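Trainee: model27.txt is reproduced below (compact mmCIF, C-alpha atoms).
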```txt
# COMPACT_ATOMS: atom_id res chain seq x y z
CA MET L 1 70.10 89.45 122.93
CA GLY L 2 66.60 89.23 121.54
CA PHE L 3 67.53 89.28 117.86
CA ILE L 4 66.21 86.83 115.27
CA PRO L 5 68.94 86.00 112.75
CA VAL L 6 68.16 85.76 109.06
CA CYS L 7 70.92 83.86 107.26
CA PRO L 8 70.58 83.97 103.47
CA ILE L 9 72.41 81.27 101.52
CA ARG L 10 73.44 80.84 97.92
CA GLU L 11 71.14 78.71 95.78
CA ASN L 12 73.95 76.20 95.27
CA ASN L 13 74.37 75.71 99.03
CA GLN L 14 70.95 74.41 100.06
CA CYS L 15 72.61 71.44 101.77
CA PHE L 16 73.67 73.90 104.52
CA ALA L 17 70.03 74.45 105.50
CA LYS L 18 69.25 70.74 105.52
CA LYS L 19 72.36 69.88 107.53
CA HIS L 20 71.51 72.36 110.26
CA ASN L 21 67.72 71.80 110.16
CA LEU L 22 67.04 75.46 109.46
CA SER L 23 63.72 76.76 108.20
CA ILE L 24 63.36 78.62 104.89
CA ASN L 25 62.57 81.79 106.89
CA GLN L 26 66.01 81.63 108.47
CA VAL L 27 67.83 80.75 105.26
CA PRO L 28 66.08 82.39 102.29
CA LEU L 29 67.72 81.68 98.95
CA TRP L 30 69.34 84.52 97.05
CA GLU L 31 72.03 85.41 94.57
CA ILE L 32 74.35 87.85 96.27
CA SER L 33 76.23 88.68 93.06
CA ASN L 34 73.05 90.33 91.81
CA LEU L 35 72.27 93.69 93.45
CA ASP L 36 68.55 93.46 92.58
CA SER L 37 68.40 90.12 94.39
CA VAL L 38 70.05 91.67 97.45
CA LYS L 39 67.62 94.61 97.45
CA LYS L 40 64.66 92.25 97.06
CA LEU L 41 65.74 90.20 100.08
CA PHE L 42 66.40 93.27 102.20
CA LYS L 43 63.07 94.78 101.21
CA LYS L 44 61.35 91.59 102.35
CA ASN L 45 63.17 91.94 105.70
CA HIS L 46 62.74 95.73 105.89
CA ASP L 47 62.63 95.70 109.69
CA ALA L 48 66.15 94.27 109.94
CA HIS L 49 68.22 96.02 112.57
CA ALA L 50 71.75 95.29 111.33
CA ILE L 51 73.79 93.59 108.64
CA ILE L 52 76.69 91.35 109.68
CA SER L 53 78.99 90.56 106.78
CA CYS L 54 81.71 87.92 107.04
CA ILE L 55 82.03 87.63 103.26
CA SER L 56 85.59 87.01 102.10
CA SER L 57 87.23 85.40 99.08
CA ARG L 58 88.62 81.90 99.53
CA THR L 59 91.61 82.17 97.24
CA GLY L 60 92.98 85.69 97.69
CA VAL L 61 93.78 86.07 93.98
CA LYS L 62 93.15 89.43 92.33
CA LYS L 63 89.86 88.75 90.52
CA ASP L 64 88.27 86.87 93.42
CA THR L 65 89.18 89.49 95.99
CA TRP L 66 87.74 92.41 94.06
CA ASP L 67 84.67 90.39 93.03
CA VAL L 68 84.04 89.16 96.58
CA ASP L 69 85.75 91.20 99.32
CA PHE L 70 84.84 94.46 97.59
CA ALA L 71 81.97 94.04 95.10
CA LEU L 72 79.77 91.60 97.02
CA ASN L 73 80.11 93.60 100.21
CA MET L 74 79.22 96.73 98.24
CA HIS L 75 76.02 94.97 97.16
CA LEU L 76 75.18 94.40 100.82
CA LEU L 77 75.97 98.02 101.68
CA ASN L 78 73.92 99.39 98.77
CA GLY L 79 71.05 97.07 99.65
CA ALA L 80 71.17 98.15 103.29
CA GLU L 81 71.10 101.83 102.31
CA PHE L 82 68.24 101.13 99.89
CA VAL L 83 65.93 99.84 102.64
CA GLY L 84 67.25 102.04 105.46
CA ILE L 85 69.01 99.47 107.67
CA LYS L 86 70.80 101.41 110.40
CA LYS L 87 73.88 99.29 111.24
CA PHE L 88 76.54 97.42 109.26
CA ILE L 89 79.10 95.20 111.00
CA TYR L 90 81.95 94.14 108.75
CA LEU L 91 84.40 91.36 109.54
CA SER L 92 87.68 92.48 108.02
CA ALA L 93 91.20 91.26 108.95
CA ILE L 94 93.99 92.60 111.14
CA CYS L 95 96.52 92.18 108.33
CA VAL L 96 95.04 95.13 106.40
CA GLN L 97 96.98 97.39 108.80
CA VAL L 98 100.10 96.73 106.72
CA PRO L 99 98.67 96.11 103.22
CA LYS L 100 100.73 94.43 100.52
CA LEU L 101 98.24 91.99 98.96
CA ASN L 102 95.25 92.27 96.64
CA PHE L 103 92.71 91.01 99.15
CA GLN L 104 93.92 93.55 101.72
CA TYR L 105 93.48 96.46 99.32
CA ALA L 106 90.02 95.17 98.38
CA LYS L 107 88.99 95.00 102.05
CA LEU L 108 90.38 98.48 102.71
CA ALA L 109 88.50 99.87 99.70
CA PHE L 110 85.25 98.50 101.09
CA GLU L 111 86.04 99.75 104.60
CA LYS L 112 86.51 103.25 103.17
CA ASN L 113 83.16 103.13 101.35
CA LEU L 114 81.50 101.87 104.53
CA GLU L 115 83.00 104.73 106.55
CA ASN L 116 81.72 107.23 103.96
CA SER L 117 78.20 105.76 103.89
CA LYS L 118 75.21 107.02 105.85
CA ILE L 119 75.03 103.82 107.90
CA ASP L 120 76.49 103.41 111.39
CA TYR L 121 79.25 100.82 111.18
CA THR L 122 81.68 98.69 113.13
CA VAL L 123 84.70 97.21 111.36
CA ILE L 124 86.18 94.25 113.23
CA ARG L 125 89.72 93.17 112.38
CA PRO L 126 90.46 89.84 114.07
CA THR L 127 93.88 88.28 114.48
CA ALA L 128 94.56 84.70 113.35
CA PHE L 129 91.87 82.06 113.79
CA PHE L 130 92.56 78.77 115.59
CA LYS L 131 92.01 76.87 112.36
CA SER L 132 94.54 78.95 110.44
CA LEU L 133 97.26 77.90 112.89
CA SER L 134 96.41 74.19 112.80
CA GLY L 135 97.36 73.16 109.27
CA GLN L 136 100.39 71.13 110.42
CA ILE L 137 98.71 69.00 113.08
CA LYS L 138 98.40 66.12 110.61
CA ARG L 139 102.12 66.38 109.77
CA ILE L 140 103.09 66.12 113.42
CA LYS L 141 100.75 63.18 114.04
CA GLN L 142 102.55 61.47 111.15
CA ASN L 143 105.84 62.06 113.01
CA LYS L 144 107.01 64.68 110.49
CA LYS L 145 108.84 67.92 111.20
CA PHE L 146 106.99 71.16 111.93
CA ILE L 147 107.79 73.73 109.27
CA VAL L 148 108.78 77.15 110.57
CA PHE L 149 109.87 80.17 108.56
CA ASP L 150 113.36 81.59 109.10
CA ASN L 151 114.00 81.06 112.85
CA GLY L 152 110.30 80.65 113.71
CA LYS L 153 110.34 83.69 115.97
CA LYS L 154 109.76 86.47 113.46
CA THR L 155 105.95 86.52 113.72
CA LYS L 156 103.52 86.51 116.65
CA SER L 157 99.78 86.25 117.12
CA LYS L 158 97.01 86.18 119.72
CA PRO L 159 94.58 83.82 117.95
CA ILE L 160 90.85 84.01 118.65
CA SER L 161 88.32 81.19 118.52
CA GLY L 162 85.35 81.27 116.17
CA GLU L 163 82.93 81.20 119.11
CA ASP L 164 84.58 84.11 120.94
CA LEU L 165 84.79 86.12 117.74
CA SER L 166 81.08 85.48 117.08
CA LYS L 167 80.21 86.80 120.54
CA PHE L 168 82.34 89.89 119.93
CA ILE L 169 80.67 90.54 116.57
CA VAL L 170 77.15 90.26 118.05
CA SER L 171 78.13 92.54 120.95
CA ALA L 172 78.73 95.32 118.42
CA ILE L 173 75.08 95.51 117.33
CA ASN L 174 73.88 97.87 120.06
CA ASN L 175 77.17 98.89 121.67
CA LYS L 176 77.55 102.67 121.44
CA ASN L 177 81.26 102.44 122.28
CA MET L 178 81.79 100.36 119.12
CA LYS L 179 79.78 102.70 116.88
CA ASN L 180 81.69 103.96 113.81
CA LYS L 181 84.90 102.32 115.02
CA ILE L 182 87.57 100.09 113.49
CA ILE L 183 88.52 97.53 116.13
CA PRO L 184 91.46 95.09 115.97
CA ILE L 185 90.74 92.14 118.26
CA GLY L 186 92.59 89.05 119.44
CA GLY L 187 91.93 86.17 121.78
CA PRO L 188 93.32 85.67 125.29
CA GLY L 189 97.10 85.91 125.33
CA PRO L 190 99.93 85.52 125.56
CA ALA L 191 101.09 86.40 122.07
CA ARG L 192 103.05 83.43 120.72
CA THR L 193 105.58 83.01 117.96
CA PHE L 194 104.93 80.56 115.15
CA LYS L 195 107.52 78.19 116.62
CA GLU L 196 105.74 78.31 119.98
CA PHE L 197 102.50 77.16 118.34
CA GLY L 198 104.47 74.21 117.00
CA GLU L 199 105.83 73.50 120.48
CA LEU L 200 102.28 73.44 121.83
CA ILE L 201 101.20 70.87 119.25
CA PHE L 202 104.23 68.66 119.99
CA GLN L 203 103.63 68.92 123.73
CA ILE L 204 99.95 68.00 123.49
CA SER L 205 100.77 65.17 121.07
CA GLY L 206 103.36 63.80 123.50
CA LEU L 207 106.13 64.03 120.91
CA SER L 208 109.60 65.56 120.98
CA PRO L 209 109.78 68.81 118.97
CA LYS L 210 111.56 68.71 115.63
CA TYR L 211 111.56 71.49 113.06
CA PHE L 212 112.31 72.20 109.45
CA TYR L 213 113.53 75.77 109.02
CA PHE L 214 112.27 77.18 105.72
CA PRO L 215 113.86 80.47 104.58
CA SER L 216 111.11 82.94 103.70
CA PHE L 217 113.19 84.52 100.91
CA VAL L 218 112.54 81.39 98.81
CA PHE L 219 109.04 82.72 98.18
CA LYS L 220 110.53 85.92 96.73
CA ILE L 221 112.94 83.98 94.52
CA LEU L 222 110.05 81.94 93.09
CA ILE L 223 108.05 85.12 92.48
CA TYR L 224 111.00 86.67 90.64
CA ILE L 225 111.40 83.56 88.44
CA MET L 226 107.69 83.36 87.58
CA LYS L 227 107.09 87.09 87.08
CA PRO L 228 107.88 87.24 83.32
CA ILE L 229 105.50 84.34 82.58
CA SER L 230 102.71 86.00 84.57
CA LEU L 231 102.51 88.76 81.95
CA VAL L 232 100.91 86.28 79.54
CA SER L 233 99.31 83.82 81.98
CA VAL L 234 96.56 84.58 84.49
CA LYS L 235 97.12 81.16 86.05
CA ILE L 236 100.76 81.96 86.79
CA ASP L 237 99.79 85.41 88.02
CA ASP L 238 97.43 83.74 90.52
CA LYS L 239 100.21 81.40 91.66
CA ILE L 240 102.42 84.42 92.27
CA GLU L 241 99.69 85.93 94.44
CA PHE L 242 99.59 82.70 96.48
CA LEU L 243 103.36 82.98 96.98
CA LYS L 244 103.01 86.61 98.05
CA ILE L 245 100.34 85.60 100.58
CA ALA L 246 102.57 82.81 101.92
CA HIS L 247 105.52 85.22 102.24
CA TYR L 248 103.33 87.77 104.01
CA TYR L 249 102.11 85.32 106.66
CA ALA L 250 105.64 83.95 107.05
CA THR L 251 107.04 87.40 107.86
CA GLU L 252 104.26 89.58 109.33
CA SER L 253 102.69 89.31 112.79
CA MET L 254 98.95 89.22 113.35
CA LEU L 255 98.94 91.86 116.08
CA PHE L 256 98.08 95.54 116.48
CA TRP L 257 100.33 97.70 114.30
CA ASP L 258 101.72 100.71 116.19
CA GLU L 259 101.96 103.46 113.55
CA LYS L 260 104.10 105.71 115.74
CA LYS L 261 106.72 103.06 116.54
CA LEU L 262 106.30 101.24 113.21
CA GLU L 263 106.12 97.88 114.95
CA TYR L 264 103.64 95.23 116.05
CA SER L 265 102.54 95.50 119.68
CA ASP L 266 101.66 92.58 121.95
CA TYR L 267 100.16 94.63 124.75
CA LYS L 268 98.19 96.99 122.48
CA THR L 269 96.42 94.05 120.85
CA GLN L 270 93.03 93.99 122.57
CA GLU L 271 92.00 90.59 123.96
CA PHE L 272 88.52 89.09 124.10
CA GLY L 273 87.05 85.75 125.17
CA ASP L 274 88.28 82.86 127.27
CA GLN L 275 88.89 80.05 124.77
CA LYS L 276 92.58 79.30 124.33
CA ILE L 277 94.24 77.62 121.37
CA GLU L 278 95.80 74.89 123.50
CA SER L 279 92.31 73.57 124.35
CA TYR L 280 91.44 73.64 120.66
CA TYR L 281 94.63 71.71 119.80
CA GLU L 282 93.79 69.12 122.48
CA SER L 283 90.30 68.60 121.02
CA VAL L 284 91.65 68.15 117.49
CA ILE L 285 94.59 65.92 118.45
CA ASN L 286 92.43 63.73 120.70
CA GLY L 287 89.84 63.32 117.94
CA GLU L 288 87.08 65.14 119.84
CA LEU L 289 86.89 67.81 117.13
CA GLU L 290 87.09 67.22 113.39
CA PHE L 291 89.58 69.42 111.60
CA LYS L 292 89.58 69.76 107.82
CA SER L 293 92.69 71.51 106.61
CA ASP L 294 92.58 74.00 103.77
CA PRO L 295 94.97 72.92 100.97
CA ASN L 296 96.36 76.48 100.94
CA GLN L 297 97.16 76.39 104.68
CA LYS L 298 99.06 73.14 105.06
CA ILE L 299 102.30 74.92 105.99
CA PHE L 300 100.66 77.15 108.63
```
In structure tokens, how does this file's structure come out?
Mentor:
Amino acid sequence: MGFIPVCPIRENNQCFAKKHNLSINQVPLWEISNLDSVKKLFKKNHDAHAIISCISSRTGVKKDTWDVDFALNMHLLNGAEFVGIKKFIYLSAICVQVPKLNFQYAKLAFEKNLENSKIDYTVIRPTAFFKSLSGQIKRIKQNKKFIVFDNGKKTKSKPISGEDLSKFIVSAINNKNMKNKIIPIGGPGPARTFKEFGELIFQISGLSPKYFYFPSFVFKILIYIMKPISLVSVKIDDKIEFLKIAHYYATESMLFWDEKKLEYSDYKTQEFGDQKIESYYESVINGELEFKSDPNQKIF
């Protein structure tokens, strides 16, 4: 599209530049937690056309989410306004439609500030990623049961690949139809239940499906038991947030939320791209693609 990307990295992540053979012009070092550092970098690249922010906390606990999802993105927004950058594209998440968790409220708070800024914006809310629905591949290859929540049919998603999502994000830079819009986006359908994703993995692995049905209310029981201790322990409070996140993903679909009908909608979830999750599963299972599972996503 004729754009030259500038990809700043943290000073403690210089190995990224070396691994990908990137020049220092493409990956200038900065400290994003310092607003002056952000302004300095943006001033150096004053002719930048747009900011694309995919910044998100890794843990989802209260402090991290407000320090990262909100505060760090606010530094980018303030820096962009400081030098007069005209466009800000923010990668949010589709789950903020029905907010119950700290990281969702932090993302929504930033979205609101972005909407109220003087910069043209596009907020992109993707559905589940391929990787986030692959945490149990190792279990199945070890001939273990696939864990589903309740009956495995309560939640649905139209997952989108990283490559397709990247193309969609870049397409927003000069697209007038995406200007000042909040856009939920999924990959090519159909929408599948969590159990159906398990069936796909079994089928591709050449194994007979077998499931362990985990009742989602167990998460709530654990939260109730731990709640009194959390009043005097930040560590326990963080563990409770993890349990809330697990319960949310076990019970809520990653699809467009129809406010009028108060339900998730398969057909109203916009689709983009042509990469399907079954091809991704095949690549991982056949060893053509390396998959590193997140410790927090082993049951998804």
Trainee: Provide the atom CA of Phe219 of chain L to atom CA of Val148 of chain L distance in Å, to one decimal place.
Mentor: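 It comes out at 13.6 Å.
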Trainee: One number please: atom CA of Ile185 of chain L to atom CA of Lys244 of chain L, in Å, one decimal.
Mentor: 24.3 Å
Trainee: Suppose you want the space between atom CA of Gly60 of chain L and atom CA of Leu41 of chain L; what is it in Å?
Mentor: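 A separation of 27.7 Å between them.
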Trainee: Which residue out of L:Asp150, L:Glu81, L:Glu259, L:Glu241 has the minimum interatomic distance to Pro215 of chain L when all atoms listed in the file are used?
Mentor: L:Asp150
Trainee: Could you check the closest approach to Thr59 of chain L for each of L:Ser117, L:Asn102, L:Asn177, L:Asn78 and tell me which residue wins, using all atoms listed in the file?
Mentor: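 Between L:Ser117, L:Asn102, L:Asn177, L:Asn78, the residue approaching Thr59 of chain L most closely is L:Asn102.
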Trainee: So, counting all atoms listed in the file, which residue among L:Phe130, L:Tyr249, L:Tyr281, L:Phe82 is closest to Gly187 of chain L?
Mentor: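 Answer, going by the shortest atom-to-atom distance: L:Phe130.
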Trainee: Excluding same-chain residues fewer than 3 positions from segment 229-237 of chain L, what lies within 12 Å of it counting all atoms listed in the file, as a tab-separated table (two decimals) with C-alpha atoms, keeping the file's coordinate frame?
Mentor:
```
chain	number	residue	atom	x	y	z
L	60	GLY	CA	92.98	85.69	97.69
L	61	VAL	CA	93.78	86.07	93.98
L	62	LYS	CA	93.15	89.43	92.33
L	63	LYS	CA	89.86	88.75	90.52
L	102	ASN	CA	95.25	92.27	96.64
L	222	LEU	CA	110.05	81.94	93.09
L	223	ILE	CA	108.05	85.12	92.48
L	224	TYR	CA	111.00	86.67	90.64
L	225	ILE	CA	111.40	83.56	88.44
L	226	MET	CA	107.69	83.36	87.58
L	240	ILE	CA	102.42	84.42	92.27
L	241	GLU	CA	99.69	85.93	94.44
L	242	PHE	CA	99.59	82.70	96.48
L	243	LEU	CA	103.36	82.98	96.98
L	244	LYS	CA	103.01	86.61	98.05
```
Trainee: Quick one: axis-aligned box around all listed atoms of segment 95-113 of chain L, 3 Å on every side, centre and edge lengths in Å to one decimal, written as AutoDock Vina command-line options.
Mentor:
```
--center_x 91.9 --center_y 97.1 --center_z 102.7 --size_x 23.6 --size_y 18.2 --size_z 18.2
```
Trainee: For each of L:Lys154, L:Thr193, L:Ala106, L:Cys95, take the minimum atom-to-atom distance to Leu255 of chain L, counting all atoms listed in the file, then give the residue where this is smallest.
Mentor: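 Once distances to Leu255 of chain L are computed over all atoms listed in the file, the minimum belongs to L:Cys95.
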Trainee: Neighbouring residues of Gln142 of chain L were defined as those with any atom within 12 Å, considering only C-alpha atoms; residues of the same chain fewer than 6 positions away were excluded. Please report them as number ranges by chain.
Mentor: L: 136, 202, 205, 207, 285
Trainee: Which polymer residues, whether protein, DNA or RNA, lie within 7 Å of the coordinate (91.2, 86.6, 123.2) when you count all atoms listed in the file? List them as a ChimeraX atom specification, using the chain letters and numbers from the file.
Mentor: /L:158-160,186-189,271-274
Trainee: Nearest to Thr269 of chain L among L:Gly162, L:Gly198, L:Phe103, L:Thr127, with distances taken over only C-alpha atoms: which residue is it?
Mentor: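 Ranking L:Gly162, L:Gly198, L:Phe103, L:Thr127 by distance to Thr269 of chain L, first place goes to L:Thr127.
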Trainee: Give the answer as one residue: which of L:Asp258, L:Pro126, L:Ile51, L:Lys19 has the shortest atom-to-atom distance to Asp164 of chain L, using only C-alpha atoms?
Mentor: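 Residue with the minimum atom-to-atom distance to Asp164 of chain L: L:Pro126.
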